[in-house]
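final.txt (compact mmCIF, C-alpha atoms and all ligand atoms)
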# COMPACT_ATOMS: atom_id res chain seq x y z
CA MET A 1 0.00 0.00 0.00
CA ILE A 2 1.33 3.41 -0.99
CA ILE A 3 0.10 6.58 0.68
CA LEU A 4 -0.15 9.38 -1.88
CA ASP A 5 1.47 12.33 -0.12
CA GLY A 6 -0.25 15.41 -1.53
CA LYS A 7 1.57 17.77 0.78
CA GLN A 8 4.96 16.70 -0.50
CA LEU A 9 3.87 16.64 -4.15
CA ALA A 10 2.30 20.09 -3.85
CA GLN A 11 5.55 21.41 -2.39
CA GLN A 12 7.51 19.90 -5.26
CA ILE A 13 5.18 21.42 -7.87
CA LYS A 14 5.38 24.80 -6.14
CA SER A 15 9.20 24.64 -6.30
CA GLU A 16 8.98 23.87 -10.03
CA ILE A 17 6.61 26.81 -10.56
CA ALA A 18 8.92 29.10 -8.54
CA ILE A 19 11.82 28.19 -10.84
CA GLU A 20 9.72 29.00 -13.91
CA VAL A 21 8.67 32.34 -12.41
CA ALA A 22 12.29 33.20 -11.60
CA GLU A 23 13.14 32.52 -15.26
CA ILE A 24 10.26 34.72 -16.42
CA LYS A 25 11.44 37.53 -14.12
CA ALA A 26 15.06 37.20 -15.29
CA ALA A 27 13.88 37.49 -18.90
CA GLY A 28 11.78 40.59 -18.06
CA GLY A 29 8.53 38.74 -18.80
CA ASN A 30 5.03 39.00 -17.38
CA VAL A 31 4.99 37.93 -13.70
CA PRO A 32 1.78 35.95 -12.96
CA HIS A 33 -0.72 37.99 -10.94
CA LEU A 34 -3.66 36.35 -9.15
CA ALA A 35 -6.45 38.27 -7.45
CA ALA A 36 -8.84 36.78 -4.88
CA VAL A 37 -12.14 38.25 -3.74
CA LEU A 38 -13.19 37.22 -0.24
CA VAL A 39 -16.64 38.13 1.06
CA GLY A 40 -17.70 37.79 4.70
CA ASP A 41 -15.97 36.25 7.70
CA ASP A 42 -16.27 32.48 7.24
CA PRO A 43 -13.12 31.15 8.99
CA ALA A 44 -12.64 28.26 6.53
CA SER A 45 -12.82 30.62 3.53
CA HIS A 46 -10.34 32.97 5.20
CA ALA A 47 -7.95 30.06 5.82
CA TYR A 48 -8.23 28.84 2.19
CA VAL A 49 -7.65 32.30 0.75
CA ARG A 50 -4.73 32.96 3.11
CA ASN A 51 -3.18 29.73 1.88
CA LYS A 52 -3.69 30.77 -1.77
CA VAL A 53 -2.11 34.19 -1.20
CA ASN A 54 0.83 32.68 0.73
CA SER A 55 1.37 30.14 -2.05
CA CYS A 56 1.51 32.98 -4.58
CA TYR A 57 4.22 34.59 -2.50
CA GLU A 58 6.17 31.29 -2.26
CA CYS A 59 6.15 30.98 -6.05
CA GLY A 60 7.04 34.60 -6.79
CA PHE A 61 3.58 35.51 -8.12
CA GLU A 62 1.99 38.85 -7.49
CA SER A 63 -1.29 38.66 -5.63
CA THR A 64 -4.11 41.02 -4.75
CA LEU A 65 -6.64 40.28 -2.03
CA ILE A 66 -9.96 42.12 -2.05
CA LYS A 67 -11.88 41.64 1.21
CA LYS A 68 -15.49 42.74 1.53
CA ASP A 69 -18.03 42.68 4.31
CA ASP A 70 -20.93 40.24 3.82
CA SER A 71 -23.31 43.20 3.59
CA ILE A 72 -21.99 43.84 0.05
CA SER A 73 -24.76 43.78 -2.56
CA GLU A 74 -24.75 41.51 -5.58
CA SER A 75 -24.37 44.47 -7.92
CA GLU A 76 -21.41 45.85 -5.94
CA LEU A 77 -19.72 42.45 -6.17
CA LEU A 78 -20.46 42.27 -9.90
CA GLU A 79 -18.76 45.68 -10.28
CA ILE A 80 -15.64 44.33 -8.59
CA VAL A 81 -15.70 41.35 -10.95
CA ASP A 82 -16.05 43.66 -13.91
CA ASP A 83 -13.10 45.81 -12.75
CA LEU A 84 -10.95 42.68 -12.45
CA ASN A 85 -12.11 41.54 -15.90
CA GLN A 86 -10.95 44.87 -17.34
CA ASN A 87 -7.72 45.21 -15.35
CA PRO A 88 -4.80 44.31 -17.65
CA ASP A 89 -2.46 43.76 -14.65
CA ILE A 90 -4.55 40.82 -13.36
CA ASP A 91 -3.95 37.53 -15.20
CA GLY A 92 -6.56 35.53 -13.33
CA PHE A 93 -8.87 35.82 -10.33
CA ILE A 94 -11.20 33.89 -8.10
CA VAL A 95 -14.23 34.76 -6.04
CA GLN A 96 -14.07 32.52 -2.99
CA LEU A 97 -17.22 30.45 -2.40
CA PRO A 98 -19.56 30.15 -0.60
CA LEU A 99 -21.03 33.64 -0.97
CA PRO A 100 -23.67 35.14 1.37
CA LYS A 101 -27.22 33.86 0.69
CA HIS A 102 -28.41 37.12 -0.94
CA ILE A 103 -25.81 36.79 -3.73
CA ARG A 104 -26.42 34.35 -6.59
CA GLU A 105 -23.20 32.38 -7.04
CA ALA A 106 -24.10 31.31 -10.57
CA LYS A 107 -24.56 34.95 -11.59
CA VAL A 108 -21.13 35.88 -10.21
CA THR A 109 -19.43 32.87 -11.81
CA LEU A 110 -20.96 33.74 -15.18
CA ALA A 111 -19.77 37.36 -14.87
CA ILE A 112 -16.11 36.31 -14.61
CA ASP A 113 -14.28 36.63 -17.94
CA HIS A 114 -13.64 32.98 -18.87
CA ARG A 115 -10.11 33.96 -19.96
CA LYS A 116 -9.36 34.94 -16.33
CA ASP A 117 -11.40 32.13 -14.72
CA VAL A 118 -8.47 30.28 -13.12
CA ASP A 119 -10.93 28.36 -10.88
CA GLY A 120 -12.31 26.73 -14.05
CA PHE A 121 -15.90 27.25 -12.85
CA HIS A 122 -17.24 29.18 -15.87
CA PRO A 123 -19.46 27.10 -18.21
CA ILE A 124 -17.17 27.99 -21.14
CA ASN A 125 -14.22 26.35 -19.37
CA PHE A 126 -16.40 23.43 -18.30
CA GLY A 127 -17.67 22.95 -21.87
CA ARG A 128 -14.20 23.17 -23.34
CA MET A 129 -12.95 20.60 -20.82
CA ALA A 130 -15.84 18.29 -21.76
CA GLN A 131 -14.85 18.52 -25.42
CA GLY A 132 -11.13 17.99 -24.73
CA MET A 133 -10.20 21.54 -25.74
CA PRO A 134 -7.60 23.59 -23.84
CA SER A 135 -9.26 25.06 -20.73
CA TYR A 136 -8.70 25.90 -17.09
CA LEU A 137 -9.47 22.71 -15.16
CA PRO A 138 -11.20 23.15 -11.78
CA ALA A 139 -8.76 22.93 -8.87
CA THR A 140 -9.69 19.61 -7.27
CA PRO A 141 -10.00 17.55 -10.48
CA PHE A 142 -6.76 19.09 -11.79
CA GLY A 143 -5.02 18.22 -8.51
CA ILE A 144 -6.27 14.62 -8.68
CA ILE A 145 -5.14 14.28 -12.31
CA GLN A 146 -1.69 15.57 -11.31
CA MET A 147 -1.47 13.07 -8.44
CA ILE A 148 -2.38 10.16 -10.69
CA GLU A 149 0.03 11.27 -13.41
CA ARG A 150 3.00 12.05 -11.18
CA ASN A 151 2.66 8.66 -9.46
CA ASN A 152 2.32 6.83 -12.80
CA ILE A 153 -0.91 5.17 -11.68
CA GLU A 154 -2.41 3.11 -14.50
CA THR A 155 -5.87 4.20 -15.60
CA GLU A 156 -6.40 2.72 -19.07
CA GLY A 157 -9.23 0.17 -19.15
CA LYS A 158 -9.78 0.50 -15.39
CA HIS A 159 -13.21 0.72 -13.85
CA CYS A 160 -13.48 4.00 -11.93
CA VAL A 161 -16.36 4.61 -9.54
CA ILE A 162 -16.99 8.18 -8.44
CA ILE A 163 -19.16 8.99 -5.43
CA GLY A 164 -20.83 12.39 -5.75
CA ARG A 165 -21.92 14.35 -8.84
CA SER A 166 -21.03 17.95 -7.92
CA ASN A 167 -20.13 20.47 -10.62
CA ILE A 168 -16.70 21.03 -9.11
CA VAL A 169 -15.56 17.46 -8.35
CA GLY A 170 -17.66 14.42 -9.29
CA THR A 171 -18.98 15.45 -12.68
CA PRO A 172 -15.70 16.90 -14.04
CA MET A 173 -13.78 13.85 -12.74
CA SER A 174 -16.17 11.57 -14.62
CA ILE A 175 -15.41 13.51 -17.83
CA LEU A 176 -11.64 13.65 -17.32
CA LEU A 177 -11.20 9.98 -16.45
CA SER A 178 -13.30 8.78 -19.38
CA ARG A 179 -11.55 10.93 -22.01
CA LYS A 180 -9.14 9.43 -24.50
CA ALA A 181 -5.90 10.43 -22.76
CA TYR A 182 -3.63 9.65 -19.84
CA PRO A 183 -4.85 9.88 -17.13
CA GLY A 184 -8.13 8.67 -18.59
CA ASN A 185 -9.44 5.86 -20.77
CA CYS A 186 -11.34 4.54 -17.73
CA THR A 187 -14.82 3.08 -17.75
CA VAL A 188 -16.55 5.44 -15.35
CA THR A 189 -19.55 4.94 -13.06
CA LEU A 190 -20.84 8.14 -11.47
CA THR A 191 -22.79 7.32 -8.30
CA HIS A 192 -24.92 9.72 -6.27
CA SER A 193 -27.73 9.97 -3.70
CA ARG A 194 -30.21 8.12 -5.96
CA THR A 195 -27.88 5.22 -6.81
CA ARG A 196 -29.64 1.99 -5.75
CA ASP A 197 -26.67 0.02 -4.42
CA ILE A 198 -23.46 2.02 -4.03
CA THR A 199 -21.66 -0.89 -2.33
CA ALA A 200 -22.29 -3.15 -5.34
CA GLU A 201 -20.80 -0.46 -7.60
CA LEU A 202 -17.79 0.17 -5.33
CA LEU A 203 -16.99 -3.54 -5.12
CA ARG A 204 -16.36 -3.51 -8.90
CA ALA A 205 -14.06 -0.47 -8.76
CA ASP A 206 -10.34 -0.45 -9.60
CA ILE A 207 -10.28 3.27 -8.77
CA ILE A 208 -12.59 5.07 -6.33
CA ILE A 209 -12.96 8.85 -6.16
CA ALA A 210 -14.89 9.66 -2.98
CA ALA A 211 -16.46 13.14 -2.98
CA ILE A 212 -19.67 12.71 -1.03
CA GLY A 213 -18.99 14.76 2.12
CA ILE A 214 -19.94 12.04 4.62
CA PRO A 215 -17.22 11.16 7.16
CA HIS A 216 -15.92 7.58 6.88
CA PHE A 217 -18.61 6.63 4.33
CA VAL A 218 -16.44 4.05 2.52
CA LYS A 219 -15.69 1.03 4.73
CA ALA A 220 -13.35 -1.93 4.18
CA ASP A 221 -16.13 -4.35 3.18
CA MET A 222 -17.19 -2.00 0.36
CA VAL A 223 -13.95 -2.19 -1.66
CA LYS A 224 -11.95 -4.90 -3.41
CA GLU A 225 -8.27 -5.74 -2.89
CA SER A 226 -5.67 -3.47 -4.59
CA VAL A 227 -8.10 -0.64 -5.23
CA VAL A 228 -6.77 2.90 -5.77
CA ILE A 229 -8.62 5.38 -3.54
CA ILE A 230 -8.66 9.14 -3.93
CA ASP A 231 -10.44 10.67 -0.92
CA VAL A 232 -11.73 14.20 -1.58
CA GLY A 233 -13.71 14.51 1.67
CA ILE A 234 -12.73 17.08 4.30
CA ASN A 235 -15.12 16.52 7.20
CA ARG A 236 -14.91 17.81 10.75
CA ILE A 237 -15.68 15.28 13.46
CA GLU A 238 -15.71 15.83 17.18
CA ASP A 239 -12.50 14.89 18.97
CA SER A 240 -12.25 15.87 22.62
CA SER A 241 -8.55 14.90 22.69
CA ARG A 242 -7.77 17.86 20.40
CA LYS A 243 -7.47 21.42 21.63
CA SER A 244 -9.81 22.57 18.85
CA GLY A 245 -12.38 19.91 19.84
CA TYR A 246 -12.45 18.46 16.33
CA ARG A 247 -10.32 16.74 13.69
CA LEU A 248 -10.51 16.41 9.93
CA VAL A 249 -11.37 13.08 8.33
CA GLY A 250 -12.13 11.99 4.80
CA ASP A 251 -15.06 10.20 3.17
CA VAL A 252 -13.10 6.96 3.53
CA ASP A 253 -12.52 5.05 6.77
CA PHE A 254 -8.75 5.19 6.24
CA ASP A 255 -7.77 2.97 9.20
CA SER A 256 -9.83 -0.02 8.08
CA VAL A 257 -9.62 0.48 4.28
CA SER A 258 -5.99 1.43 3.66
CA SER A 259 -4.51 -2.09 4.04
CA LYS A 260 -6.66 -3.27 1.09
CA CYS A 261 -5.47 -0.48 -1.22
CA SER A 262 -2.63 -0.29 -3.73
CA TYR A 263 -2.70 3.51 -3.35
CA ILE A 264 -4.69 5.77 -1.03
CA THR A 265 -4.71 9.50 -0.27
CA PRO A 266 -4.72 10.54 3.41
CA VAL A 267 -6.92 13.28 4.90
CA PRO A 268 -5.51 15.76 5.66
CA GLY A 269 -2.42 15.91 3.43
CA GLY A 270 -3.80 14.20 0.32
CA VAL A 271 -5.93 15.94 -2.30
CA GLY A 272 -6.33 19.16 -0.24
CA PRO A 273 -2.83 20.61 -0.75
CA MET A 274 -2.99 19.81 -4.49
CA THR A 275 -5.89 22.18 -5.11
CA VAL A 276 -3.75 25.25 -4.48
CA THR A 277 -1.07 24.09 -6.92
CA SER A 278 -3.82 23.71 -9.56
CA LEU A 279 -4.78 27.33 -9.07
CA LEU A 280 -1.14 28.41 -9.38
CA MET A 281 -0.67 26.34 -12.54
CA ASN A 282 -3.81 27.85 -14.08
CA THR A 283 -2.61 31.35 -13.19
CA LEU A 284 0.78 30.64 -14.77
CA LYS A 285 -1.04 29.44 -17.91
CA ALA A 286 -3.18 32.60 -17.87
CA SER A 287 -0.12 34.86 -17.63
CA ARG A 288 1.39 33.04 -20.60
CA LYS A 289 -1.89 33.14 -22.50
CA GLU A 290 -1.56 29.40 -23.06
CA VAL A 291 -5.26 28.60 -23.08
CA TYR A 292 -6.82 31.55 -24.89
CA GLY A 293 -3.91 33.11 -26.80
N1 LIG B 301 -14.58 27.25 -2.02
C1 LIG B 301 -14.14 25.98 -1.78
N2 LIG B 301 -13.29 25.59 -2.76
C2 LIG B 301 -13.20 26.63 -3.63
C3 LIG B 301 -12.46 26.82 -4.84
O1 LIG B 301 -11.74 25.95 -5.33
N3 LIG B 301 -12.61 28.03 -5.43
C4 LIG B 301 -13.42 29.00 -4.92
N4 LIG B 301 -13.51 30.14 -5.59
N5 LIG B 301 -14.11 28.84 -3.80
C5 LIG B 301 -14.01 27.66 -3.16

Represent the structure from my file as structure tokens, please.
Ligand code: GUN
Amino acid sequence: MIILDGKQLAQQIKSEIAIEVAEIKAAGGNVPHLAAVLVGDDPASHAYVRNKVNSCYECGFESTLIKKDDSISESELLEIVDDLNQNPDIDGFIVQLPLPKHIREAKVTLAIDHRKDVDGFHPINFGRMAQGMPSYLPATPFGIIQMIERNNIETEGKHCVIIGRSNIVGTPMSILLSRKAYPGNCTVTLTHSRTRDITAELLRADIIIAAIGIPHFVKADMVKESVVIIDVGINRIEDSSRKSGYRLVGDVDFDSVSSKCSYITPVPGGVGPMTVTSLLMNTLKASRKEVYG
């Protein structure tokens, strides 16, 4: 059993990006510049955005953080998006989700210029990904693809079962792993809340992508020997032995399942750290105009 260390891989990719940025700077080129818009005071969102901004710094990117109170109106936020769309100094930007209830996330996502949509959430990027055209891949699927590729995990002809059909993880993963490419060429089953017998599906899986958001959902008797497991879940469970009173666990019951796996990602330290490197790679592509010219 091999534990896929996302923390270490993310660090390695960040070092590679930093070298590329140093070369760009030395040649007097365009230094990648990411902007992030953060609305409200959700502690998790603040932590994620802080991590994104710090990672920019580590790689030599420029970054701009725009913080707004959650009383901001939808139209004020759309004006900020429009300013960033127009600003030639900004290569790419993100609006951190979730947004306050009175703001329609879909409206904001649609307002972002797809050429600066380094989160890969805009339907143009999603559609281009689905058709195998150059696009910005969403952070989590891109991170998972990188992990599979960098660890030379075989995917061709494998049966991949995905749990969860969200727009940002399950559905794009089903597209990416079924496309004619490496990683890809899998036969994919996309399971969700209406699937009749998830265990029966999982027992046939060579690769499982768990993105359901239920702590320890996948148990040892639900998987076959030598399965590859990518655990996307980040769930808080109570833990009185911790100072915080909680700890983070995945959608997979790691302690009982891991001995049956050929590869498995831990939580924390698996897929999570890879999502930031995806954002950095997309921003680098944006600054080089690799996707849209
Ligand atoms: N909230 C949780 N994950 C993400 C992400 O990848 N991008 C944005 N913009 N918001 C998020």

message: 8 Å from ligand LIG 301 (chain B) is the threshold here; counting all atoms listed in the file, which polymer residues fall inside it? Answer as number ranges by chain.
response: A: 45, 48, 94-98, 119, 138-140, 168, 275

message: Is it possible to get the residues within 12 Å of (-20.1, 6.5, -18.0) (coordinates as in the file, counting only C-alpha atoms) written as an MDAnalysis selection string?
response: chainID A and resid 159:162 171:179 185:191

message: Using only C-alpha atoms, which protein or nucleic acid residues come within 9 Å of segment 276-287 of chain A? Drop anything in the same chain fewer than 6 positions from it, and give the result as a ChimeraX atom specification.
response: /A:10-11,13-14,17,21,30-34,48,51-52,55-56,59,61,90-93,115-120,136-143,146,293

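Near segment 103-112 of chain A, within 7 Å and counting all atoms listed in the file, sit Glu74, Leu78, Val81, Asn85, Leu99, Pro100, Lys101, His114, Asp117, Phe121 and His122 of chain A; same-chain residues fewer than 2 positions away were not included.
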
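Candidate residues A:Val218, A:Asp113, A:Pro266, A:Asp70 were compared for distance to Asp82 of chain A, and the nearest is A:Asp113, using only C-alpha atoms.
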
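Of note, atom CA of Met147 of chain A and atom CA of Val228 of chain A are spaced 11.8 Å apart.
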